Amino acid sequence: MGKAAGFSRWLRAAGRGVLLLLLFAAGAAAQTPAGASSGGNDGPMGRFRRSAVRVGELVEYELSYRHAPELEVIFPDSAADFTPFEYVGRRYYPTRTRQGRSLDRAVYRLRTFALDSVQHLVLPVTVLSGHDTLLLPTSAAAVRLIRTAPTTLDGNPPVLRQNLQVLPVEPQFNYPYWLAGLGVALALVGGVVLGFRRGLRQRYRRYRLRKNHAYFLAQYARHVERFTLSRSPTNMERAITLWKNYLSTLEDNNITSLTTREIVVHYQRDADVSLALRLADRVIYGKQFSEDDTETDLAFELLRRFAERQYMQSVRGSGEATALAAPAVAS
């Protein structure tokens with residue numbers, strides 16, 4: 001009776017174990033989408049395209065998965081864990097469907113700096129099922145590390161080979177030194193400008209005065225020569241207008257619109273200006289020509305000498321210690 005009771009209890013325990021196994025298998029089948037089997041030929045497969053690799057050398061890892069066409073499959077990207085390898089790049093292939101089965105394939109370019117003799121990699125494939133995701137791991141793919149350092153029998157590190165051959169090095173443009181030199185040069189120039197800016201301004205103003213004065217004398221002599229040849233009041237009027245414009249620029253005022261009397265008053269009734277302008281008005285407006293050229297020549301000469309005096313005063317006012325004599329131009 002005791003043996004029969006023990007055998008009965010063993011049968012009941014075995015029945016409960018079989019029932020639990022059936023319930024566990026049913027739950028796993030309910031969580032796994034159709035066609036997403038993780039075993040056999042239908043599971044994701046990963047392999048290295050080479051059996052051995054050196055440290056730092058690129059190696060390709062191929063990942064493929066055959067599944068039902070209705071499944072949504074996502075392969076790992078650069079954010080995946082490739083330990084002990086480093087991700088370099090990848091190449092995807094379009095999905096191919098034949099005889100009711102789809103094939104997804106990708107090739108990853110990796111490299112390793114680990115020193116393990118054999119290195120393994122497992123990449124999971126993600127399958128989307130409604131609001132849930134399922135990770136299907138691949139079988140571990142292995143690659144062998146090729147050691148390039150020679151081994152010694154006594155365990156000591158190998159003797160390093162020396163290479164003392166001098167290799168040519170192309171010269172490069174030294175930007176820091178050139179920029180530093182340019183900065184120093186600019187600082188020196190800036191210091192000179194700041195220290196001598198007053199003198200530089202005076203020199204530049206004197207240069208402009210000399211240039212404008214020489215131009216005035218040349219143009220004035222040309223108008224005088226034309227009047228001498230043509231005896232035309234128009235040429236004399238042009239010479240007087242040039243004289244007024246030059247003095248306006250030289251003294252930074254405007255006397256071109258003033259009458260003869262106003263100009264004489266402006267220059268404090270200067271005798272040369274008063275006489276020269278009266279003679280010029282007699283020729284321009286009165287058409288009164290003398291028998292000889294004495295009066296017109298005197299008017300031109302007086303106006304030229306007055307312009308030279310005003311030029312010399314402007315030069316002295318600009319800070320020049322010794323006035324430069326203006327070149328004499330025959331009237």
# chains A, B, ... in the order shown; residues from 1 in each chain; ligands from 1
$ residues_around --residues "A:Asp81" --least-positions-apart "5" --cutoff "12 Å" --atoms "only C-alpha atoms" --output "list in words"
Pro76, Glu86, Tyr87, Leu110, Leu121, Val122, Leu123 and Pro124 of chain A
$ closest_atom_pairs --of "stretch 127-163 of chain A" --to "stretch 48-63 of chain A" --cutoff "7 Å" --atoms "only C-alpha atoms" --output "CSV"
residue,atom,partner,partner_atom,distance
A:Ala141,CA,A:Phe48,CA,6.6
A:Val143,CA,A:Ser51,CA,5.1
A:Arg144,CA,A:Ala52,CA,4.4
A:Leu145,CA,A:Val53,CA,5.2
A:Ile146,CA,A:Arg54,CA,5.0
A:Arg147,CA,A:Arg54,CA,6.7
$ write_last_selection --atoms "C-alpha atoms" --output "compact mmCIF listing (two decimals), in the first residue's frame"
# COMPACT_ATOMS: atom_id res chain seq x y z
CA ALA A 141 30.37 34.78 -34.69
CA VAL A 143 37.19 35.77 -35.61
CA ARG A 144 40.78 34.92 -34.79
CA LEU A 145 43.37 37.60 -34.04
CA ILE A 146 46.60 37.42 -36.00
CA ARG A 147 49.52 38.47 -33.82
$ atom_distance --atom1 "atom CA of A:Val273" --atom2 "atom CA of A:Thr259"
12.4 Å
$ atom_distance --atom1 "atom CA of A:His120" --atom2 "atom CA of A:Gly46"
10.7 Å
$ closest_residue --among "A:Gln310, A:Asn253, A:Thr112, A:Asn235" --to "A:Val283" --atoms "only C-alpha atoms"
A:Asn235
$ select_by_dssp --residues "stretch 75-279 of chain A" --states "helix (DSSP H, G or I)" --output "ChimeraX atom specification"
/A:175-195,197-230,233-251,260-266,271-279
$ atom_distance --atom1 "atom CA of A:Thr294" --atom2 "atom CA of A:Ser248"
27.7 Å
$ residues_around --residues "A:Val127" --least-positions-apart "5" --cutoff "8 Å" --atoms "only C-alpha atoms" --output "PyMOL selection string"
chain A and resi 36+71-74+133-136
$ residues_around --residues "A:Val224" --least-positions-apart "6" --cutoff "9 Å" --atoms "only C-alpha atoms" --output "ChimeraX atom specification"
/A:235-236,239,297,300,331
